[in-house]
$ cat run_2.tsv   # TSV, C-alpha atoms
chain	number	residue	atom	x	y	z
A	169	MET	CA	19.97	-28.92	8.38
A	170	GLY	CA	22.21	-29.65	11.28
A	171	PHE	CA	25.79	-28.70	11.80
A	172	VAL	CA	26.82	-32.29	11.11
A	173	GLY	CA	25.21	-32.13	7.68
A	174	PHE	CA	27.72	-29.62	6.35
A	175	PRO	CA	30.59	-30.82	4.16
A	176	GLY	CA	33.92	-31.42	5.87
A	177	HIS	CA	35.78	-28.28	4.90
A	178	MET	CA	32.70	-26.11	5.55
A	179	ARG	CA	32.26	-27.62	9.01
A	180	ARG	CA	35.84	-26.74	9.78
A	181	TYR	CA	35.47	-23.06	8.92
A	182	LEU	CA	32.03	-22.82	10.51
A	183	SER	CA	33.26	-24.27	13.78
A	184	GLY	CA	36.11	-21.78	13.86
A	185	LEU	CA	33.77	-18.87	13.15
A	186	CYS	CA	31.23	-20.00	15.73
A	187	VAL	CA	33.80	-20.45	18.49
A	188	ALA	CA	35.37	-17.07	17.75
A	189	THR	CA	31.95	-15.41	17.82
A	190	LEU	CA	31.14	-17.14	21.08
A	191	GLY	CA	34.41	-15.84	22.48
A	192	LEU	CA	33.42	-12.31	21.54
A	193	TRP	CA	30.04	-12.70	23.22
A	194	ALA	CA	31.69	-14.11	26.33
A	195	ALA	CA	34.13	-11.21	26.43
A	196	GLY	CA	31.28	-8.73	26.26
A	197	TRP	CA	29.40	-10.54	28.95
A	198	LEU	CA	32.45	-10.68	31.23
A	199	ALA	CA	33.05	-6.97	30.77
A	200	LEU	CA	29.46	-6.13	31.69
A	201	ALA	CA	28.94	-8.67	34.45
A	202	PRO	CA	30.65	-6.74	37.28
A	203	VAL	CA	28.42	-3.78	36.55
A	204	ALA	CA	25.32	-5.87	35.98
A	205	PHE	CA	25.70	-7.92	39.14
A	206	GLY	CA	26.94	-5.02	41.21
A	207	TYR	CA	30.17	-6.48	42.50
A	208	ARG	CA	32.42	-3.91	40.92
A	209	GLY	CA	32.34	-1.18	43.51
A	210	ASN	CA	31.69	-3.27	46.57
A	211	GLY	CA	34.48	-3.41	49.06
A	212	GLN	CA	37.85	-1.76	49.23
A	213	PRO	CA	40.57	-2.17	46.59
A	214	GLY	CA	42.13	-5.55	47.18
A	215	ALA	CA	38.92	-7.03	48.55
A	216	SER	CA	37.71	-10.31	47.05
A	217	LEU	CA	34.94	-8.87	44.90
A	218	HIS	CA	37.17	-6.12	43.66
A	219	ARG	CA	39.68	-8.76	42.59
A	220	ALA	CA	36.89	-10.67	40.87
A	221	ALA	CA	35.86	-7.58	38.92
A	222	LEU	CA	39.42	-6.85	37.89
A	223	ALA	CA	39.97	-10.45	36.80
A	224	ASP	CA	36.76	-10.44	34.76
A	225	GLN	CA	37.55	-7.19	32.99
A	226	ALA	CA	41.14	-8.13	32.21
A	227	THR	CA	40.03	-11.52	30.92
A	228	ALA	CA	37.32	-9.86	28.87
A	229	ALA	CA	39.80	-7.51	27.23
A	230	GLY	CA	42.22	-10.32	26.32
A	231	LEU	CA	39.45	-12.60	25.17
A	232	ALA	CA	37.95	-9.90	22.96
A	233	ALA	CA	41.29	-9.28	21.26
A	234	VAL	CA	41.97	-12.97	20.73
A	235	SER	CA	38.47	-13.60	19.47
A	236	LEU	CA	38.65	-10.73	17.01
A	237	VAL	CA	41.95	-11.96	15.59
A	238	THR	CA	40.63	-15.51	15.40
A	239	LEU	CA	37.43	-14.41	13.70
A	240	THR	CA	39.39	-12.39	11.14
A	241	CYS	CA	41.71	-15.30	10.45
A	242	TRP	CA	38.85	-17.72	9.86
A	243	ILE	CA	37.09	-15.25	7.58
A	244	VAL	CA	40.27	-14.75	5.54
A	245	ALA	CA	40.97	-18.48	5.37
A	246	TRP	CA	37.44	-19.30	4.27
A	247	ARG	CA	37.44	-16.56	1.66
A	248	ARG	CA	40.72	-17.90	0.28
A	249	ARG	CA	39.25	-21.36	0.11
A	250	LEU	CA	36.13	-20.15	-1.65
A	251	ARG	CA	38.25	-18.19	-4.10
A	252	ALA	CA	40.43	-21.23	-4.79
A	253	ASP	CA	37.34	-23.36	-5.37
A	254	GLY	CA	36.02	-20.78	-7.82
A	255	ILE	CA	32.92	-20.03	-5.76
A	256	LEU	CA	34.00	-16.53	-4.83
A	257	THR	CA	35.17	-14.80	-7.99
A	258	SER	CA	34.76	-11.11	-7.31
A	259	ALA	CA	37.87	-9.36	-6.16
A	260	SER	CA	37.80	-6.94	-3.28
A	261	ARG	CA	37.41	-3.25	-3.99
A	262	ARG	CA	40.91	-2.49	-2.76
A	263	GLN	CA	42.37	-5.21	-4.95
A	264	VAL	CA	40.50	-3.91	-8.01
A	265	ARG	CA	41.74	-0.39	-7.29
A	266	ARG	CA	45.32	-1.63	-6.88
A	267	GLU	CA	45.18	-3.58	-10.14
A	268	ALA	CA	43.71	-0.60	-11.99
A	269	ARG	CA	46.49	1.63	-10.66
A	270	ALA	CA	49.14	-0.85	-11.74
A	271	GLN	CA	47.51	-1.14	-15.16
A	272	ARG	CA	47.52	2.64	-15.60
A	273	ARG	CA	51.17	2.80	-14.55
A	274	ARG	CA	52.08	0.11	-17.08
A	275	GLU	CA	50.19	1.88	-19.81
A	276	ARG	CA	51.89	5.14	-18.95
A	277	ASP	CA	55.30	3.45	-19.08
A	278	GLY	CA	54.43	1.86	-22.40
A	279	GLU	CA	54.66	-1.71	-21.16
A	280	PRO	CA	52.17	-4.28	-22.42
A	281	ALA	CA	49.34	-5.13	-20.08
A	282	ALA	CA	50.22	-8.05	-17.87
A	283	ARG	CA	47.62	-10.69	-17.35
A	284	PRO	CA	47.70	-13.53	-14.85
A	285	PRO	CA	49.21	-16.56	-16.58
A	286	ASP	CA	46.90	-19.35	-17.57
A	287	PRO	CA	47.96	-22.50	-15.67
A	288	ALA	CA	47.20	-24.74	-18.64
A	289	GLN	CA	49.33	-22.59	-20.92
A	290	VAL	CA	52.17	-22.52	-18.40
A	291	LEU	CA	52.08	-26.30	-18.15
A	292	SER	CA	52.07	-26.69	-21.92
A	293	GLU	CA	55.14	-24.47	-22.19
A	294	LEU	CA	56.79	-26.43	-19.41
A	295	ARG	CA	56.02	-29.67	-21.22
A	296	ALA	CA	57.52	-28.31	-24.44
A	297	LEU	CA	60.65	-27.32	-22.54
A	298	LEU	CA	61.01	-30.64	-20.76
A	299	ILE	CA	60.61	-32.95	-23.75
A	300	PRO	CA	64.02	-32.09	-25.31
A	301	LEU	CA	65.69	-32.39	-21.90
A	302	LEU	CA	64.34	-35.89	-21.50
A	303	ALA	CA	65.14	-36.87	-25.05
A	304	GLU	CA	68.84	-36.08	-24.86
A	305	PRO	CA	69.72	-38.52	-22.05
A	306	ALA	CA	67.65	-41.16	-23.84
A	307	ASN	CA	69.72	-40.74	-26.99
A	308	GLY	CA	72.90	-40.72	-24.93
A	309	GLN	CA	72.05	-44.05	-23.35
A	310	ALA	CA	71.19	-45.39	-26.75
A	311	ALA	CA	74.56	-44.26	-28.12
A	312	ASN	CA	76.32	-46.21	-25.39
A	313	GLY	CA	74.14	-49.22	-26.06
A	314	ALA	CA	75.13	-49.29	-29.72
A	315	ASN	CA	78.53	-50.73	-28.88
A	316	GLY	CA	76.96	-53.39	-26.70
A	317	GLN	CA	74.67	-54.64	-29.41
A	318	ALA	CA	77.54	-54.99	-31.86
A	319	SER	CA	78.56	-58.17	-30.03
A	320	GLY	CA	75.51	-59.93	-31.45
A	321	THR	CA	76.33	-58.93	-34.99
A	322	HIS	CA	79.08	-60.13	-37.23
A	323	PRO	CA	81.39	-57.54	-38.65
A	324	ALA	CA	79.92	-58.10	-42.04
A	325	GLY	CA	76.57	-57.07	-40.75
A	326	GLU	CA	75.08	-60.54	-40.62
A	327	PRO	CA	73.21	-61.42	-37.49
A	328	GLY	CA	75.11	-63.58	-35.05
A	329	PRO	CA	73.89	-66.83	-33.52
A	330	GLU	CA	72.43	-65.13	-30.45
A	331	ALA	CA	70.76	-62.36	-32.35
A	332	PRO	CA	67.33	-64.03	-32.85
A	333	ALA	CA	66.97	-64.70	-29.14
A	334	GLU	CA	67.83	-61.12	-28.37
A	335	ARG	CA	65.31	-59.98	-30.87
A	336	VAL	CA	62.62	-61.98	-29.09
A	337	ASP	CA	63.66	-60.40	-25.79
A	338	ASP	CA	63.63	-57.00	-27.36
A	339	GLN	CA	59.98	-57.34	-28.18
A	340	ASP	CA	59.26	-57.54	-24.45
A	341	ASP	CA	61.40	-54.62	-23.47
A	342	GLN	CA	60.73	-51.48	-25.35
A	343	ASP	CA	63.71	-49.69	-23.83
A	344	TYR	CA	66.05	-51.73	-25.98
A	345	ASP	CA	64.20	-51.12	-29.20
A	346	GLU	CA	66.61	-48.31	-29.96
A	347	PRO	CA	70.08	-49.76	-29.61
A	348	GLY	CA	71.87	-46.79	-31.09
A	349	PRO	CA	71.23	-43.32	-32.31
A	350	ASP	CA	68.61	-43.66	-34.93
A	351	TYR	CA	69.82	-41.30	-37.57
A	352	ASP	CA	66.61	-41.69	-39.50
A	353	GLU	CA	64.70	-40.10	-36.66
A	354	PRO	CA	63.58	-36.66	-37.77
A	355	GLY	CA	64.41	-34.90	-34.57
A	356	TYR	CA	67.67	-36.57	-33.65
A	357	HIS	CA	69.97	-34.23	-31.72
A	358	PRO	CA	73.68	-35.07	-31.72
A	359	PHE	CA	75.51	-34.58	-28.45
A	360	PRO	CA	78.01	-31.76	-28.22
A	361	GLY	CA	80.96	-34.16	-28.36
A	362	GLU	CA	79.41	-36.60	-30.77
A	363	HIS	CA	80.92	-37.07	-34.23
A	364	CYS	CA	78.46	-36.92	-37.02
A	365	GLU	CA	80.63	-37.77	-39.97
A	366	ASP	CA	78.90	-41.06	-40.58
A	367	ARG	CA	75.46	-39.62	-40.14
A	368	ARG	CA	73.31	-40.29	-43.09
A	369	PRO	CA	71.57	-37.13	-44.10
A	370	GLY	CA	68.11	-38.34	-44.96
A	371	PRO	CA	65.48	-36.41	-46.75
A	372	ALA	CA	63.25	-36.65	-43.70
A	373	THR	CA	65.50	-34.33	-41.71
A	374	ALA	CA	65.38	-31.50	-44.16
A	375	GLY	CA	62.91	-28.76	-43.48
A	376	LEU	CA	61.23	-30.42	-40.51
A	377	PRO	CA	61.19	-28.98	-37.03
A	378	ALA	CA	63.31	-30.88	-34.56
A	379	VAL	CA	60.90	-33.06	-32.63
A	380	PRO	CA	62.99	-35.22	-30.34
A	381	HIS	CA	62.19	-38.85	-29.77
A	382	ALA	CA	61.71	-39.36	-26.08
A	383	ARG	CA	61.55	-42.60	-24.16
A	384	SER	CA	58.15	-43.77	-23.02
A	385	GLY	CA	59.37	-44.03	-19.43
A	386	GLY	CA	60.75	-40.54	-19.53
A	387	LEU	CA	57.50	-39.16	-20.83
A	388	ALA	CA	55.54	-40.92	-18.13
A	389	ALA	CA	57.85	-39.57	-15.48
A	390	MET	CA	57.53	-36.12	-16.95
A	391	GLU	CA	53.75	-36.41	-17.01
A	392	SER	CA	53.77	-37.31	-13.34
A	393	ILE	CA	56.03	-34.33	-12.62
A	394	LEU	CA	53.67	-32.08	-14.55
A	395	ALA	CA	50.69	-33.50	-12.71
A	396	GLY	CA	52.45	-32.73	-9.46
A	397	ALA	CA	53.19	-29.22	-10.67
A	398	GLU	CA	49.54	-28.76	-11.55
A	399	LEU	CA	48.53	-29.91	-8.07
A	400	LEU	CA	51.01	-27.49	-6.56
A	401	MET	CA	49.69	-24.61	-8.63
A	402	VAL	CA	46.14	-25.37	-7.54
A	403	GLY	CA	47.25	-25.85	-3.95
A	404	CYS	CA	49.16	-22.60	-3.84
A	405	GLY	CA	46.14	-20.74	-5.07
A	406	GLU	CA	44.02	-22.50	-2.53
A	407	GLU	CA	45.87	-21.65	0.64
A	408	GLU	CA	49.28	-21.50	2.15
A	409	ALA	CA	51.03	-24.72	3.00
A	410	TRP	CA	51.43	-25.60	6.64
B	27	MET	CA	50.10	-18.81	8.41
B	28	VAL	CA	46.48	-17.71	8.60
B	29	ASN	CA	45.36	-21.24	9.32
B	30	ARG	CA	47.90	-21.62	12.07
B	31	LEU	CA	46.89	-18.32	13.60
B	32	ALA	CA	43.25	-19.30	13.47
B	33	LEU	CA	43.96	-22.61	15.18
B	34	ALA	CA	46.10	-20.86	17.78
B	35	GLY	CA	43.20	-18.48	18.42
B	36	LEU	CA	40.91	-21.40	19.14
B	37	ALA	CA	43.48	-22.82	21.53
B	38	ALA	CA	43.73	-19.42	23.22
B	39	ILE	CA	39.96	-19.32	23.67
B	40	PHE	CA	40.15	-22.74	25.30
B	41	ALA	CA	42.93	-21.44	27.57
B	42	ALA	CA	40.85	-18.39	28.49
B	43	GLY	CA	37.99	-20.68	29.49
B	44	ALA	CA	40.31	-22.75	31.64
B	45	TRP	CA	41.64	-19.60	33.26
B	46	LEU	CA	38.12	-18.39	34.06
B	47	ILE	CA	37.37	-21.71	35.76
B	48	ALA	CA	40.51	-21.50	37.84
B	49	ALA	CA	40.47	-17.75	38.54
B	50	PRO	CA	38.15	-17.74	41.60
B	51	PHE	CA	40.44	-20.19	43.36
B	52	VAL	CA	43.72	-18.73	42.14
B	53	LEU	CA	42.79	-15.14	43.04
B	54	ARG	CA	40.99	-16.32	46.21
B	55	TYR	CA	37.76	-14.49	45.73
B	56	GLN	CA	36.01	-17.79	46.32
B	57	PRO	CA	37.14	-19.13	49.69
B	58	ALA	CA	37.26	-22.89	49.87
B	59	GLY	CA	34.40	-24.51	51.76
B	60	SER	CA	32.17	-21.45	51.82
B	61	ARG	CA	29.07	-20.78	49.77
B	62	TRP	CA	29.80	-19.81	46.19
B	63	THR	CA	29.63	-16.11	45.42
B	64	GLY	CA	27.87	-14.77	42.37
B	65	ALA	CA	31.15	-13.71	40.75
B	66	ALA	CA	32.71	-17.14	41.15
B	67	ARG	CA	29.62	-18.90	39.82
B	68	LEU	CA	29.52	-16.63	36.80
B	69	ASP	CA	33.21	-17.04	36.02
B	70	VAL	CA	33.11	-20.80	36.28
B	71	THR	CA	30.01	-21.04	34.10
B	72	VAL	CA	31.35	-18.76	31.38
B	73	GLY	CA	34.77	-20.42	31.58
B	74	ALA	CA	33.30	-23.89	31.22
B	75	ALA	CA	31.31	-22.87	28.17
B	76	LEU	CA	34.33	-21.22	26.59
B	77	ALA	CA	36.62	-24.14	27.32
B	78	ALA	CA	34.18	-26.65	25.87
B	79	ALA	CA	33.63	-24.57	22.75
B	80	GLY	CA	37.33	-23.94	22.27
B	81	PHE	CA	38.17	-27.61	22.72
B	82	GLY	CA	35.51	-28.76	20.26
B	83	GLY	CA	36.31	-26.06	17.73
B	84	PHE	CA	40.03	-26.70	17.84
B	85	PHE	CA	39.72	-30.41	17.20
B	86	THR	CA	36.99	-29.99	14.58
B	87	ALA	CA	39.23	-27.59	12.66
B	88	LEU	CA	42.24	-29.83	13.08
B	89	ALA	CA	40.28	-32.86	11.88
B	90	GLY	CA	39.12	-30.93	8.83
B	91	ARG	CA	42.67	-29.95	8.00
B	92	VAL	CA	43.91	-33.52	8.36
B	93	ARG	CA	41.08	-34.75	6.15
B	94	GLU	CA	42.09	-32.24	3.48
B	95	LEU	CA	45.69	-33.40	3.67
B	96	TYR	CA	44.59	-37.02	3.24
B	97	ALA	CA	42.45	-36.05	0.26
B	98	GLN	CA	45.36	-34.22	-1.36
B	99	ALA	CA	47.67	-37.17	-0.76
B	100	GLY	CA	45.09	-39.52	-2.30
B	101	THR	CA	44.81	-37.34	-5.41
B	102	ALA	CA	48.58	-37.23	-5.81
B	103	GLN	CA	48.77	-41.01	-5.38
B	104	GLU	CA	46.11	-41.54	-8.05
B	105	LEU	CA	48.02	-39.34	-10.49
B	106	TYR	CA	51.22	-41.22	-9.73
B	107	VAL	CA	49.53	-44.58	-10.34
B	108	GLN	CA	48.04	-43.30	-13.60
B	109	ALA	CA	51.46	-42.19	-14.75
B	110	GLY	CA	52.87	-45.60	-13.81
B	111	THR	CA	50.24	-47.52	-15.77
B	112	ALA	CA	50.80	-45.29	-18.77
B	113	GLN	CA	54.48	-46.23	-18.64
B	114	GLU	CA	53.81	-49.98	-18.81
B	115	PRO	CA	53.76	-51.60	-22.28
B	116	GLY	CA	50.17	-52.79	-21.93
B	117	GLY	CA	48.98	-49.46	-20.67
B	118	PRO	CA	47.09	-46.85	-22.62
B	119	PRO	CA	49.04	-45.01	-25.32
B	120	GLU	CA	50.65	-41.76	-24.31

$ encode --input "run_2.tsv" --output "structure tokens"
Amino acid sequence: MGFVGFPGHMRRYLSGLCVATLGLWAAGWLALAPVAFGYRGNGQPGASLHRAALADQATAAGLAAVSLVTLTCWIVAWRRRLRADGILTSASRRQVRREARAQRRRERDGEPAARPPDPAQVLSELRALLIPLLAEPANGQAANGANGQASGTHPAGEPGPEAPAERVDDQDDQDYDEPGPDYDEPGYHPFPGEHCEDRRPGPATAGLPAVPHARSGGLAAMESILAGAELLMVGCGEEEAW
Amino acid sequence: MVNRLALAGLAAIFAAGAWLIAAPFVLRYQPAGSRWTGAARLDVTVGAALAAAGFGGFFTALAGRVRELYAQAGTAQELYVQAGTAQEPGGPPE
């Protein structure tokens, strides 16, 4: 199996590790070469071979340091990636010890044990929090639209001449299906400044939890936001952003 | 941060190779026109190997990172399109 046969992300980490290892080998070789080839002690200080030996040893020292740091970085980055992909699940010994110490401290203080939050649960809670926020502007727009639709209706409540055409248009556009606050909706929330004297208290509102009626567009937008949040959560666990 | 440091390390290895190639001429332990000494030959050989490896490793790692970024962008685009089709009236129910 050749190097080219590895998957893309694996090739990336492997190339980094190989180059860093090669750098370490080269540093070792450069440090030993003046001794091995016998040009370290030849000549006076300042002579050409002495300069060559000094250059080799200084380069070897710098190269060894850089290669060690590079090797460590690639190891850490690859381990993070494997952990994010779920391949590497075991925590390091130091991390386990640190978590156990924190757990003991919490137990001693009488706090409940803290667990890492489940991303799916966090997203569900976020969804539950966002639905009412999206529903309120939808009802607000609908309240404003109630006055606009009154132009197509006679004061007596009979439909005006242009009402049937509007009704046909309304079938195409779902956003206008709710011209005003639908008081029969079980989860209708009045606005803080809204007057509710003419609200008809229906039997459906009694005893039911307030489930707001959100717009379809708002829900889709929220779903896309939540999908983005999920991606971010996965990405943050995977590795740091550039 | 770790990724950047790792990439910078590869670039530094490339730079070290380039320095080793140039060192015999910069420090003048290989006079121009004369027969190559053992030290100069060794430095140039090791430097060439290091520079080639650093160059290849740096761009392989960079290409892998760019490929990952494209893959992430494609996934986000797919999710966005799915959300858009769900919003349309003929789309699947929410």

$ atom_distance --input "run_2.tsv" --atom1 "CA of Gly43 in chain B" --atom2 "CA of Val72 in chain B"
7.2 Å

$ interface_residues --input "run_2.tsv" --of "chain B" --to "chain A" --cutoff "6 Å" --atoms "all atoms listed in the file" --output "number ranges by chain"
B: 28, 32, 35, 55, 79, 83, 86-87, 90, 106, 109, 113

$ atom_distance --input "run_2.tsv" --atom1 "CA of Ile39 in chain B" --atom2 "CA of Arg251 in chain A"
27.8 Å

$ atom_distance --input "run_2.tsv" --atom1 "CA of Ala48 in chain B" --atom2 "CA of Gly196 in chain A"
19.6 Å

$ closest_residue --input "run_2.tsv" --among "B:Gln56, B:Gln103, B:Phe84, B:Val70" --to "Leu31 in chain B" --atoms "all atoms listed in the file"
B:Phe84
